[in-house]
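Enquirer: My structure is stored as coords12.cif, with mmCIF, C-alpha atoms.
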```
data_data
#
loop_
_atom_site.label_atom_id
_atom_site.label_comp_id
_atom_site.auth_asym_id
_atom_site.auth_seq_id
_atom_site.Cartn_x
_atom_site.Cartn_y
_atom_site.Cartn_z
CA MET A 1 134.99 -119.44 101.62
CA SER A 2 132.12 -120.10 104.00
CA LEU A 3 128.81 -120.88 102.33
CA LEU A 4 127.04 -117.92 103.94
CA LEU A 5 129.70 -115.47 102.74
CA GLU A 6 129.56 -116.85 99.22
CA ILE A 7 125.76 -116.58 99.12
CA LEU A 8 125.87 -112.97 100.32
CA LEU A 9 128.45 -112.02 97.69
CA ARG A 10 126.40 -113.70 94.98
CA LEU A 11 123.37 -111.74 96.13
CA VAL A 12 125.38 -108.53 95.77
CA PHE A 13 125.75 -109.24 92.05
CA LEU A 14 122.11 -110.20 91.71
CA SER A 15 121.04 -107.01 93.51
CA LEU A 16 122.93 -104.57 91.25
CA PRO A 17 119.73 -103.74 89.29
CA LEU A 18 118.29 -102.64 92.66
CA ALA A 19 121.18 -100.26 93.31
CA GLN A 20 118.82 -97.29 93.71
CA VAL A 21 116.47 -99.04 96.16
CA ARG A 22 117.27 -97.75 99.63
CA PHE A 23 116.23 -97.54 103.24
CA THR A 24 117.49 -95.25 105.99
CA ILE A 25 119.27 -95.97 109.26
CA ALA A 26 119.84 -92.97 111.56
CA ASP A 27 118.92 -90.73 108.62
CA ILE A 28 121.68 -92.32 106.50
CA PRO A 29 120.51 -93.81 103.18
CA ILE A 30 121.63 -97.40 102.70
CA TYR A 31 121.18 -99.04 99.31
CA VAL A 32 120.45 -102.74 98.86
CA PRO A 33 123.88 -103.77 97.47
CA GLU A 34 125.59 -101.75 100.21
CA ALA A 35 123.65 -103.59 102.90
CA LEU A 36 124.70 -106.92 101.41
CA VAL A 37 128.34 -105.81 101.20
CA PHE A 38 128.18 -104.72 104.84
CA LEU A 39 126.76 -108.09 105.91
CA SER A 40 129.40 -109.86 103.84
CA GLY A 41 132.10 -107.87 105.61
CA ILE A 42 130.75 -108.86 109.01
CA VAL A 43 130.60 -112.55 108.03
CA PHE A 44 134.12 -112.32 106.63
CA LEU A 45 135.52 -110.80 109.82
CA PHE A 46 133.83 -113.35 112.06
CA GLY A 47 134.79 -116.20 109.77
CA PHE A 48 138.39 -115.03 109.59
CA ARG A 49 138.50 -114.74 113.36
CA ASN A 50 137.21 -118.24 114.06
CA GLY A 51 139.05 -119.83 111.15
CA SER A 52 136.04 -120.81 109.02
CA THR A 53 137.01 -118.29 106.34
CA ARG A 54 140.49 -118.43 104.92
CA ARG A 55 141.91 -115.11 103.85
CA PHE A 56 144.33 -115.23 100.95
CA HIS A 57 147.10 -112.79 100.11
CA THR A 58 145.78 -109.50 98.75
CA PRO A 59 148.19 -108.13 96.09
CA PHE A 60 150.03 -104.90 96.69
CA TRP A 61 148.61 -103.19 93.58
CA LEU A 62 145.07 -103.71 94.85
CA VAL A 63 145.77 -102.55 98.41
CA SER A 64 147.75 -99.49 97.33
CA GLY A 65 145.21 -98.54 94.67
CA ILE A 66 142.31 -98.87 97.11
CA LEU A 67 144.07 -96.72 99.71
CA LEU A 68 145.06 -94.01 97.22
CA LEU A 69 141.59 -93.82 95.70
CA MET A 70 139.80 -93.83 99.04
CA VAL A 71 142.09 -91.25 100.66
CA GLY A 72 141.90 -89.07 97.56
CA ALA A 73 138.09 -89.14 97.57
CA ILE A 74 137.90 -88.30 101.29
CA LEU A 75 140.44 -85.45 101.06
CA THR A 76 138.74 -83.98 98.02
CA ALA A 77 135.37 -84.11 99.78
CA TYR A 78 136.90 -82.42 102.85
CA VAL A 79 138.48 -79.64 100.78
CA GLY A 80 135.21 -79.11 98.93
CA GLY A 81 133.22 -78.69 102.14
CA ALA A 82 132.15 -82.30 102.76
CA ASP A 83 128.41 -81.70 102.56
CA ARG A 84 125.85 -84.49 102.88
CA GLU A 85 125.72 -85.27 99.15
CA ALA A 86 129.51 -85.41 98.80
CA LEU A 87 129.85 -87.76 101.75
CA GLY A 88 127.04 -89.93 100.36
CA ALA A 89 128.86 -90.14 97.03
CA VAL A 90 132.10 -91.17 98.75
CA LYS A 91 130.19 -93.86 100.64
CA SER A 92 128.24 -95.26 97.68
CA TRP A 93 130.68 -94.74 94.80
CA ILE A 94 134.00 -95.37 96.52
CA VAL A 95 133.94 -96.99 99.98
CA PHE A 96 131.41 -99.80 99.51
CA PRO A 97 132.51 -100.71 95.95
CA LEU A 98 136.15 -100.86 97.06
CA GLY A 99 135.08 -102.95 100.04
CA LEU A 100 133.37 -105.39 97.71
CA GLY A 101 136.50 -105.64 95.58
CA PHE A 102 138.63 -106.33 98.64
CA LEU A 103 136.26 -109.03 99.91
CA LEU A 104 136.30 -110.81 96.56
CA SER A 105 140.07 -110.57 96.24
CA SER A 106 140.49 -112.06 99.71
CA THR A 107 138.00 -114.90 99.43
CA ALA A 108 137.01 -115.80 95.84
CA VAL A 109 140.24 -117.61 94.98
CA ASP A 110 138.46 -120.80 93.88
CA ARG A 111 137.70 -120.63 90.14
CA VAL A 112 134.38 -122.44 90.67
CA VAL A 113 133.31 -119.75 93.14
CA ARG A 114 134.18 -116.99 90.67
CA HIS A 115 132.30 -118.86 87.96
CA ARG A 116 129.19 -118.83 90.15
CA MET A 117 129.66 -115.11 90.84
CA ILE A 118 129.83 -114.39 87.12
CA THR A 119 126.74 -116.55 86.55
CA TRP A 120 124.68 -114.62 89.11
CA TRP A 121 125.93 -111.29 87.77
CA PHE A 122 124.99 -112.40 84.26
CA PHE A 123 121.55 -113.49 85.43
CA GLY A 124 120.91 -110.06 86.98
CA ILE A 125 121.80 -108.40 83.68
CA VAL A 126 119.53 -110.81 81.79
CA VAL A 127 116.65 -109.90 84.11
CA VAL A 128 117.15 -106.18 83.38
CA SER A 129 117.19 -106.92 79.65
CA ALA A 130 114.06 -109.05 79.89
CA VAL A 131 111.98 -106.56 81.89
CA SER A 132 112.88 -103.84 79.37
CA PHE A 133 110.40 -105.55 77.04
CA PHE A 134 107.59 -105.09 79.57
CA GLY A 135 105.33 -102.10 79.57
CA GLY A 136 105.40 -99.04 81.78
CA ARG A 137 108.53 -97.70 83.41
CA PHE A 138 110.59 -100.79 82.58
CA SER A 139 110.43 -99.99 78.86
CA SER A 140 110.71 -96.19 79.06
CA MET A 141 111.98 -94.56 75.89
CA THR A 142 113.57 -91.15 75.37
CA TYR A 143 112.19 -88.57 72.99
CA ASP A 144 114.43 -89.89 70.19
CA GLY A 145 113.27 -93.50 70.60
CA ARG A 146 116.15 -94.87 72.71
CA LEU A 147 115.55 -97.37 75.51
CA SER A 148 116.36 -96.11 79.01
CA SER A 149 114.13 -98.49 81.06
CA PHE A 150 114.31 -97.50 84.76
CA TYR A 151 117.84 -96.06 84.40
CA PRO A 152 118.62 -92.32 84.22
CA SER A 153 119.60 -92.46 80.54
CA PRO A 154 120.05 -94.91 77.64
CA ASN A 155 123.82 -94.61 77.97
CA HIS A 156 123.68 -95.61 81.63
CA LEU A 157 121.57 -98.64 80.80
CA ALA A 158 123.99 -99.62 78.03
CA MET A 159 126.99 -99.33 80.37
CA PHE A 160 125.29 -101.64 82.85
CA LEU A 161 124.34 -104.18 80.17
CA GLU A 162 127.45 -104.37 78.00
CA ALA A 163 129.53 -106.53 80.36
CA GLY A 164 126.74 -109.13 80.20
CA ILE A 165 127.54 -109.85 76.55
CA PHE A 166 131.07 -110.89 77.51
CA PHE A 167 129.83 -112.86 80.53
CA GLY A 168 127.28 -114.71 78.40
CA THR A 169 129.85 -115.56 75.75
CA TYR A 170 132.21 -116.87 78.43
CA LEU A 171 129.49 -118.95 80.12
CA ALA A 172 128.34 -120.40 76.81
CA ALA A 173 131.92 -121.34 75.89
CA THR A 174 132.66 -122.96 79.25
CA ALA A 175 129.30 -124.67 79.88
CA SER A 176 129.64 -128.29 80.95
CA LEU A 177 126.11 -129.09 79.72
CA ARG A 178 124.70 -128.22 76.33
CA ARG A 179 121.51 -126.96 77.97
CA ASN A 180 123.47 -124.46 80.06
CA GLY A 181 125.36 -123.30 77.00
CA LEU A 182 122.11 -122.71 75.11
CA LEU A 183 120.64 -120.77 78.04
CA ALA A 184 123.75 -118.58 78.23
CA ALA A 185 123.63 -117.98 74.49
CA ALA A 186 119.92 -117.05 74.67
CA GLY A 187 120.60 -114.65 77.52
CA THR A 188 123.45 -113.07 75.55
CA ILE A 189 121.17 -112.50 72.58
CA LEU A 190 118.57 -110.91 74.84
CA ILE A 191 121.17 -108.54 76.31
CA SER A 192 122.48 -107.70 72.84
CA VAL A 193 119.00 -106.72 71.67
CA ALA A 194 118.56 -104.51 74.74
CA VAL A 195 121.91 -102.80 74.09
CA LEU A 196 120.91 -102.17 70.47
CA ARG A 197 117.67 -100.58 71.65
CA THR A 198 119.63 -98.11 73.81
CA GLY A 199 121.21 -96.63 70.70
CA SER A 200 124.47 -96.09 72.61
CA GLU A 201 127.24 -95.76 70.04
CA GLY A 202 129.81 -95.78 72.83
CA ALA A 203 128.58 -99.22 73.93
CA TYR A 204 128.66 -100.52 70.35
CA VAL A 205 132.28 -99.45 69.88
CA ALA A 206 133.30 -100.72 73.35
CA ILE A 207 131.82 -104.19 72.76
CA LEU A 208 133.44 -104.44 69.33
CA ALA A 209 136.75 -103.29 70.81
CA GLY A 210 136.58 -105.96 73.52
CA PHE A 211 135.94 -108.79 71.08
CA GLY A 212 138.37 -107.30 68.56
CA PHE A 213 141.12 -107.28 71.18
CA LEU A 214 140.55 -110.96 71.87
CA TRP A 215 140.58 -111.64 68.14
CA LEU A 216 144.02 -110.05 67.91
CA LEU A 217 145.29 -112.08 70.86
CA SER A 218 144.06 -115.27 69.20
CA ALA A 219 145.77 -114.42 65.93
CA SER A 220 147.37 -117.45 64.33
CA LYS A 221 148.90 -115.32 61.57
CA PRO A 222 151.06 -112.19 61.91
CA ARG A 223 148.94 -110.40 59.30
CA ARG A 224 146.29 -109.68 61.94
CA LEU A 225 148.86 -107.69 63.88
CA VAL A 226 149.76 -105.87 60.67
CA ILE A 227 146.08 -105.04 60.15
CA ALA A 228 145.78 -103.84 63.72
CA SER A 229 148.88 -101.65 63.37
CA ALA A 230 147.46 -100.18 60.16
CA ILE A 231 144.14 -99.38 61.86
CA ILE A 232 145.92 -97.69 64.77
CA ALA A 233 148.08 -95.69 62.34
CA VAL A 234 144.98 -94.52 60.46
CA LEU A 235 143.28 -93.48 63.70
CA VAL A 236 146.35 -91.55 64.87
CA PHE A 237 146.71 -89.88 61.48
CA GLY A 238 143.01 -89.01 61.43
CA ALA A 239 143.12 -87.50 64.93
CA THR A 240 146.21 -85.45 63.98
CA PHE A 241 144.47 -84.25 60.81
CA LEU A 242 141.40 -83.15 62.79
CA PHE A 243 143.54 -81.08 65.12
CA MET A 244 145.60 -79.60 62.28
CA ASN A 245 142.62 -78.42 60.20
CA GLY A 246 140.78 -76.94 63.18
CA THR A 247 137.91 -79.44 63.27
CA VAL A 248 138.20 -79.90 67.02
CA THR A 249 138.16 -76.13 67.49
CA ARG A 250 134.95 -75.94 65.42
CA LEU A 251 133.39 -78.69 67.52
CA GLY A 252 133.99 -76.68 70.67
CA SER A 253 132.81 -73.40 69.20
CA GLY A 254 129.15 -74.31 68.87
CA GLU A 255 129.18 -74.26 65.06
CA VAL A 256 128.55 -78.01 64.94
CA ARG A 257 125.56 -79.42 66.81
CA ASN A 258 125.88 -83.13 67.54
CA SER A 259 126.88 -85.45 70.38
CA VAL A 260 130.57 -85.21 69.53
CA ALA A 261 130.49 -81.42 69.62
CA SER A 262 128.63 -81.52 72.93
CA ARG A 263 131.28 -83.80 74.43
CA VAL A 264 134.11 -81.57 73.21
CA MET A 265 132.43 -78.62 74.96
CA ILE A 266 132.11 -80.65 78.17
CA TRP A 267 135.76 -81.76 77.96
CA ASN A 268 136.87 -78.16 77.42
CA ALA A 269 135.04 -77.10 80.57
CA ALA A 270 136.46 -80.08 82.50
CA GLY A 271 139.95 -79.14 81.32
CA ARG A 272 139.47 -75.64 82.67
CA MET A 273 138.40 -77.11 86.04
CA ILE A 274 141.54 -79.24 86.13
CA VAL A 275 143.70 -76.20 85.41
CA GLU A 276 142.06 -74.42 88.34
CA HIS A 277 142.06 -77.46 90.69
CA PRO A 278 144.84 -79.80 89.48
CA ILE A 279 145.62 -81.43 92.84
CA THR A 280 142.41 -81.60 94.84
CA GLY A 281 139.83 -81.64 92.04
CA ILE A 282 136.33 -80.34 92.74
CA GLY A 283 134.81 -83.30 94.57
CA LEU A 284 132.10 -85.80 93.71
CA ARG A 285 128.67 -84.48 92.68
CA ASN A 286 130.04 -80.98 92.06
CA PHE A 287 130.69 -81.15 88.33
CA GLU A 288 127.37 -79.82 87.06
CA ALA A 289 127.46 -76.72 89.29
CA GLU A 290 131.05 -75.92 88.23
CA TYR A 291 130.20 -76.63 84.59
CA LEU A 292 127.32 -74.16 84.61
CA ALA A 293 129.41 -71.56 86.44
CA LEU A 294 131.99 -71.67 83.63
CA GLN A 295 129.43 -70.99 80.88
CA PRO A 296 130.48 -67.30 80.42
CA LEU A 297 133.97 -68.47 79.42
CA PHE A 298 132.77 -70.72 76.59
CA PRO A 299 130.35 -70.68 73.65
CA ARG A 300 126.75 -71.46 74.53
CA TYR A 301 126.55 -75.06 75.74
CA LEU A 302 124.65 -77.65 73.73
CA GLU A 303 123.86 -79.59 76.94
CA TRP A 304 123.05 -78.16 80.36
CA ALA A 305 122.24 -81.17 82.56
CA VAL A 306 125.72 -82.75 82.75
CA PRO A 307 126.47 -84.61 86.02
CA HIS A 308 129.80 -86.04 84.77
CA PRO A 309 132.41 -84.91 82.21
CA ASN A 310 131.71 -87.90 79.94
CA ASN A 311 135.21 -89.29 80.37
CA VAL A 312 136.28 -91.66 83.13
CA VAL A 313 139.74 -90.13 83.60
CA LEU A 314 138.36 -86.60 83.87
CA SER A 315 135.61 -87.83 86.20
CA VAL A 316 138.00 -89.56 88.58
CA TRP A 317 140.51 -86.70 88.49
CA LEU A 318 137.91 -84.04 89.26
CA GLY A 319 136.00 -86.22 91.72
CA THR A 320 138.87 -87.63 93.76
CA GLY A 321 141.83 -85.40 92.97
CA LEU A 322 145.26 -86.33 91.69
CA LEU A 323 145.72 -88.81 94.53
CA GLY A 324 142.53 -90.64 93.65
CA LEU A 325 143.44 -90.64 89.96
CA SER A 326 146.78 -92.24 90.85
CA GLY A 327 144.94 -94.97 92.76
CA PHE A 328 142.57 -95.56 89.86
CA ALA A 329 145.52 -95.85 87.49
CA VAL A 330 147.28 -98.34 89.79
CA LEU A 331 144.12 -100.46 90.00
CA THR A 332 143.42 -100.45 86.26
CA VAL A 333 147.00 -101.09 85.14
CA GLY A 334 147.37 -103.78 87.78
CA ALA A 335 144.19 -105.49 86.59
CA PHE A 336 145.42 -105.50 82.97
CA ARG A 337 148.80 -106.89 84.03
CA VAL A 338 147.34 -109.71 86.11
CA SER A 339 144.81 -110.57 83.40
CA PHE A 340 147.66 -110.95 80.91
CA ARG A 341 149.45 -113.25 83.35
CA ILE A 342 146.30 -115.34 83.72
CA LEU A 343 146.06 -115.56 79.95
CA CYS A 344 149.61 -116.92 79.81
CA ARG A 345 148.82 -119.96 81.99
CA GLU A 346 149.00 -122.39 79.10
CA ASN A 347 148.73 -125.37 81.43
CA ALA A 348 145.28 -124.18 82.59
CA PRO A 349 142.92 -123.66 79.60
CA MET A 350 139.91 -122.76 81.74
CA LEU A 351 141.93 -120.13 83.56
CA MET A 352 143.09 -118.76 80.20
CA ARG A 353 139.48 -118.31 79.13
CA GLU A 354 138.76 -116.50 82.38
CA GLY A 355 141.70 -114.18 81.70
CA ALA A 356 140.33 -113.54 78.21
CA LEU A 357 136.98 -112.57 79.73
CA TYR A 358 138.58 -110.11 82.13
CA LEU A 359 140.66 -108.52 79.39
CA ALA A 360 137.64 -108.10 77.12
CA VAL A 361 135.61 -106.38 79.85
CA LEU A 362 138.56 -104.15 80.80
CA VAL A 363 139.13 -103.10 77.19
CA ALA A 364 135.42 -102.33 76.78
CA PHE A 365 135.52 -100.27 79.99
CA VAL A 366 138.52 -98.22 78.83
CA VAL A 367 137.10 -97.64 75.36
CA HIS A 368 133.65 -96.65 76.62
CA GLY A 369 135.27 -94.61 79.37
CA SER A 370 136.88 -92.37 76.77
CA VAL A 371 133.48 -90.93 75.81
CA ASP A 372 131.38 -91.56 78.93
CA THR A 373 131.68 -92.32 82.65
CA PRO A 374 131.14 -96.06 83.30
CA LEU A 375 132.00 -95.45 86.95
CA LEU A 376 131.03 -93.22 89.88
CA ARG A 377 127.50 -94.49 90.31
CA ASN A 378 126.30 -97.19 92.70
CA ASP A 379 125.84 -100.09 90.31
CA LEU A 380 128.64 -99.20 87.87
CA SER A 381 131.23 -98.69 90.62
CA MET A 382 130.18 -101.92 92.33
CA GLY A 383 130.56 -103.80 89.07
CA TYR A 384 133.96 -102.40 88.12
CA PHE A 385 135.65 -102.84 91.48
CA ALA A 386 134.09 -106.30 91.87
CA LEU A 387 135.72 -107.19 88.56
CA LEU A 388 139.08 -105.97 89.85
CA GLY A 389 138.61 -108.04 93.01
CA MET A 390 137.95 -111.22 91.03
CA ILE A 391 140.97 -110.54 88.82
CA ALA A 392 143.12 -110.18 91.93
CA ALA A 393 141.65 -113.41 93.33
CA ALA A 394 142.35 -115.28 90.09
CA GLY A 395 145.89 -113.92 90.07
CA SER A 396 146.56 -115.25 93.57
CA MET A 397 145.97 -118.86 92.48
CA TRP A 398 149.65 -119.29 91.73
CA ASN A 399 152.97 -117.85 92.74
CA PRO A 400 153.62 -114.90 90.39
CA ARG A 401 157.29 -115.90 90.24
CA ASP A 402 156.27 -119.03 88.37
CA THR A 403 155.68 -116.95 85.25
CA GLY A 404 158.98 -115.11 85.50
CA GLN A 405 159.37 -111.36 85.42
CA GLU A 406 158.42 -110.72 81.81
CA ASP A 407 157.47 -107.24 80.72
CA ALA A 408 154.10 -106.43 79.14
CA PHE A 409 155.33 -107.02 75.59
CA SER A 410 156.70 -110.45 76.48
CA LEU A 411 153.37 -111.35 78.07
CA MET A 412 151.51 -110.27 74.93
CA ARG A 413 153.79 -112.35 72.73
CA LYS A 414 153.29 -115.37 74.98
CA SER A 415 149.52 -115.00 74.76
CA LEU A 416 149.60 -115.29 70.95
CA PRO A 417 147.89 -117.33 69.71
CA LEU A 418 145.32 -117.95 72.45
CA VAL A 419 142.89 -120.05 70.44
CA ARG A 420 145.58 -122.32 69.05
CA SER A 421 146.92 -122.99 72.55
CA VAL A 422 143.47 -123.89 73.83
CA LYS A 423 142.75 -126.13 70.82
CA LYS A 424 145.85 -128.22 71.53
CA ARG A 425 144.14 -129.29 74.72
#
```
Taking this structure as input, can you express it in the form of structure tokens?

Expert:
Amino acid sequence: MSLLLEILLRLVFLSLPLAQVRFTIADIPIYVPEALVFLSGIVFLFGFRNGSTRRFHTPFWLVSGILLLMVGAILTAYVGGADREALGAVKSWIVFPLGLGFLLSSTAVDRVVRHRMITWWFFGIVVVSAVSFFGGRFSSMTYDGRLSSFYPSPNHLAMFLEAGIFFGTYLAATASLRRNGLLAAAGTILISVAVLRTGSEGAYVAILAGFGFLWLLSASKPRRLVIASAIIAVLVFGATFLFMNGTVTRLGSGEVRNSVASRVMIWNAAGRMIVEHPITGIGLRNFEAEYLALQPLFPRYLEWAVPHPNNVVLSVWLGTGLLGLSGFAVLTVGAFRVSFRILCRENAPMLMREGALYLAVLVAFVVHGSVDTPLLRNDLSMGYFALLGMIAAAGSMWNPRDTGQEDAFSLMRKSLPLVRSVKKR
């Protein structure tokens, strides 16, 4: 990778807190990270043309997922009327983030380069956490005492910050100098305090799920898997019991007034939208209008200002249609699969740790995405698709045939125990 291209991509990560800072060109709003991605694309094309930038193989799952998601978003916007706001959402939430992921997958094959990217990303998150302790807008609180800083809501701030806890843990564990490890640990503590101040229960559960997943993978005794199976069985039994005794129905009826009941109402409305528009969805930025229009069909809402359906699958389905949802599924499943393969590279301990990092962040994303939408906003989309790009780049460091054609269960068995394998080295 040329030095200029690497610097521009690092600046993209550092600029994510400035995702809402914009300027206009020909009456088109351009946000700071988008401008940097655009410049990176130009440098990449020129470098690839003159041979200074080497382009590596981009995996099929990434290319197909990008195409499906992008085409789905464009078609859904066209069917929905393709107004200025819808086209802006496609540009900022889909096109530029996917472009960033592609650039990283094609250029950031060197592990040292990816390490620097993660470091700059982590530093940007640390800065956001630090300024939240300042006065004024940077430390804005909601009416119930939750930190929102300069983000639209405490939940949005928490979704931006939570990946930093995994990045900091990874950087502290892989630091070559004790000083660097201490700095990473201090930054992680700072981010953790900021997340606690947001009061986001979804972020708490997502972070615990990410670390808990790694704990299971590092199990040196089968009893941890037994414990995990028991926990899953209890959760499944509990969910079945809630449905059987009508608790979920009560949550959607307005009898119960809490955040869970509010989400059930939103999901019910989103489900009705999917029934009415199963193929094309309703388009990006259209959820709130459709949600309010459906009010006569449901009990009185507990929340009125709802820009997203508080679930990443529902958000992608309604925003980009069934085609876009298929692309999102291909990208996410492909990222999990490649991360497991990275984790199985027992002859490369540092690469194994990188795979563990990616898996933890992906698990946190999926868990938090079940109750919120950690996607479809400038900074969040940039972050997620950049992560997928780096996973694809890490996966291209070897010939996939070297690991055989094991299925997912074989890969999971090979990854146990992770910690014991690393300690042998």

Enquirer: How many Å separate CA of His368 (chain A) from CA of Gly202 (chain A)?

Expert: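 Result for CA of His368 (chain A) versus CA of Gly202 (chain A): 5.5 Å, one decimal.
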
Enquirer: Can you pull out every residue within 12 Å of Gly168 (chain A), counting all atoms listed in the file, but drop anything in the same chain fewer than 3 positions away, and send it as an mmCIF file with C-alpha atoms, keeping the file's coordinate frame?

Expert:
```cif
data_model
loop_
_atom_site.group_PDB
_atom_site.id
_atom_site.type_symbol
_atom_site.label_atom_id
_atom_site.label_comp_id
_atom_site.auth_asym_id
_atom_site.auth_seq_id
_atom_site.Cartn_x
_atom_site.Cartn_y
_atom_site.Cartn_z
ATOM 1 C CA HIS A 115 132.300 -118.860 87.960
ATOM 2 C CA ILE A 118 129.830 -114.390 87.120
ATOM 3 C CA THR A 119 126.740 -116.550 86.550
ATOM 4 C CA TRP A 120 124.680 -114.620 89.110
ATOM 5 C CA TRP A 121 125.930 -111.290 87.770
ATOM 6 C CA PHE A 122 124.990 -112.400 84.260
ATOM 7 C CA PHE A 123 121.550 -113.490 85.430
ATOM 8 C CA GLY A 124 120.910 -110.060 86.980
ATOM 9 C CA ILE A 125 121.800 -108.400 83.680
ATOM 10 C CA VAL A 126 119.530 -110.810 81.790
ATOM 11 C CA LEU A 161 124.340 -104.180 80.170
ATOM 12 C CA GLU A 162 127.450 -104.370 78.000
ATOM 13 C CA ALA A 163 129.530 -106.530 80.360
ATOM 14 C CA GLY A 164 126.740 -109.130 80.200
ATOM 15 C CA ILE A 165 127.540 -109.850 76.550
ATOM 16 C CA LEU A 171 129.490 -118.950 80.120
ATOM 17 C CA ALA A 172 128.340 -120.400 76.810
ATOM 18 C CA ALA A 173 131.920 -121.340 75.890
ATOM 19 C CA THR A 174 132.660 -122.960 79.250
ATOM 20 C CA ALA A 175 129.300 -124.670 79.880
ATOM 21 C CA ASN A 180 123.470 -124.460 80.060
ATOM 22 C CA GLY A 181 125.360 -123.300 77.000
ATOM 23 C CA LEU A 182 122.110 -122.710 75.110
ATOM 24 C CA LEU A 183 120.640 -120.770 78.040
ATOM 25 C CA ALA A 184 123.750 -118.580 78.230
ATOM 26 C CA ALA A 185 123.630 -117.980 74.490
ATOM 27 C CA ALA A 186 119.920 -117.050 74.670
ATOM 28 C CA GLY A 187 120.600 -114.650 77.520
ATOM 29 C CA THR A 188 123.450 -113.070 75.550
ATOM 30 C CA ILE A 189 121.170 -112.500 72.580
ATOM 31 C CA LEU A 190 118.570 -110.910 74.840
ATOM 32 C CA ILE A 191 121.170 -108.540 76.310
ATOM 33 C CA SER A 192 122.480 -107.700 72.840
ATOM 34 C CA LEU A 357 136.980 -112.570 79.730
ATOM 35 C CA VAL A 361 135.610 -106.380 79.850
#
```

Enquirer: For a quick check of understanding, using all atoms listed in the file, which of A:Ala393, A:Leu380, A:Ile7, A:Ile28 has the smallest distance to Arg84 (chain A)?

Expert: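 Using all atoms listed in the file, the shortest distance to Arg84 (chain A) belongs to A:Ile28.
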
Enquirer: Any chance you could work out the residue set of the PyMOL selection byres ((chain A and resi 29) around 12) here, as a PyMOL selection string?

Expert: chain A and resi 19-28+30-35+84-85+87-89+91-92

Enquirer: Looking at all atoms listed in the file, which of A:Thr373, A:Ser149, A:Asn286, A:Asn155 is the one that sits closest to Asp83 (chain A)?

Expert: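 Counting all atoms listed in the file, the residue closest to Asp83 (chain A) is A:Asn286.
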
Enquirer: Residues within 8 Å of Trp61 (chain A), please, as a list of chain:residue names. Count only C-alpha atoms; anything in the same chain fewer than 3 positions from it doesn't count.

Expert: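 Skipping anything fewer than 3 positions along the chain leaves A:Ser64, A:Gly65, A:Val330, A:Leu331, A:Gly334.
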
Enquirer: Take CA of Leu4 (chain A) and CA of Arg377 (chain A) and report the distance between them in Å, one decimal.

Expert: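 One can read the CA of Leu4 (chain A) to CA of Arg377 (chain A) distance as 27.1 Å.
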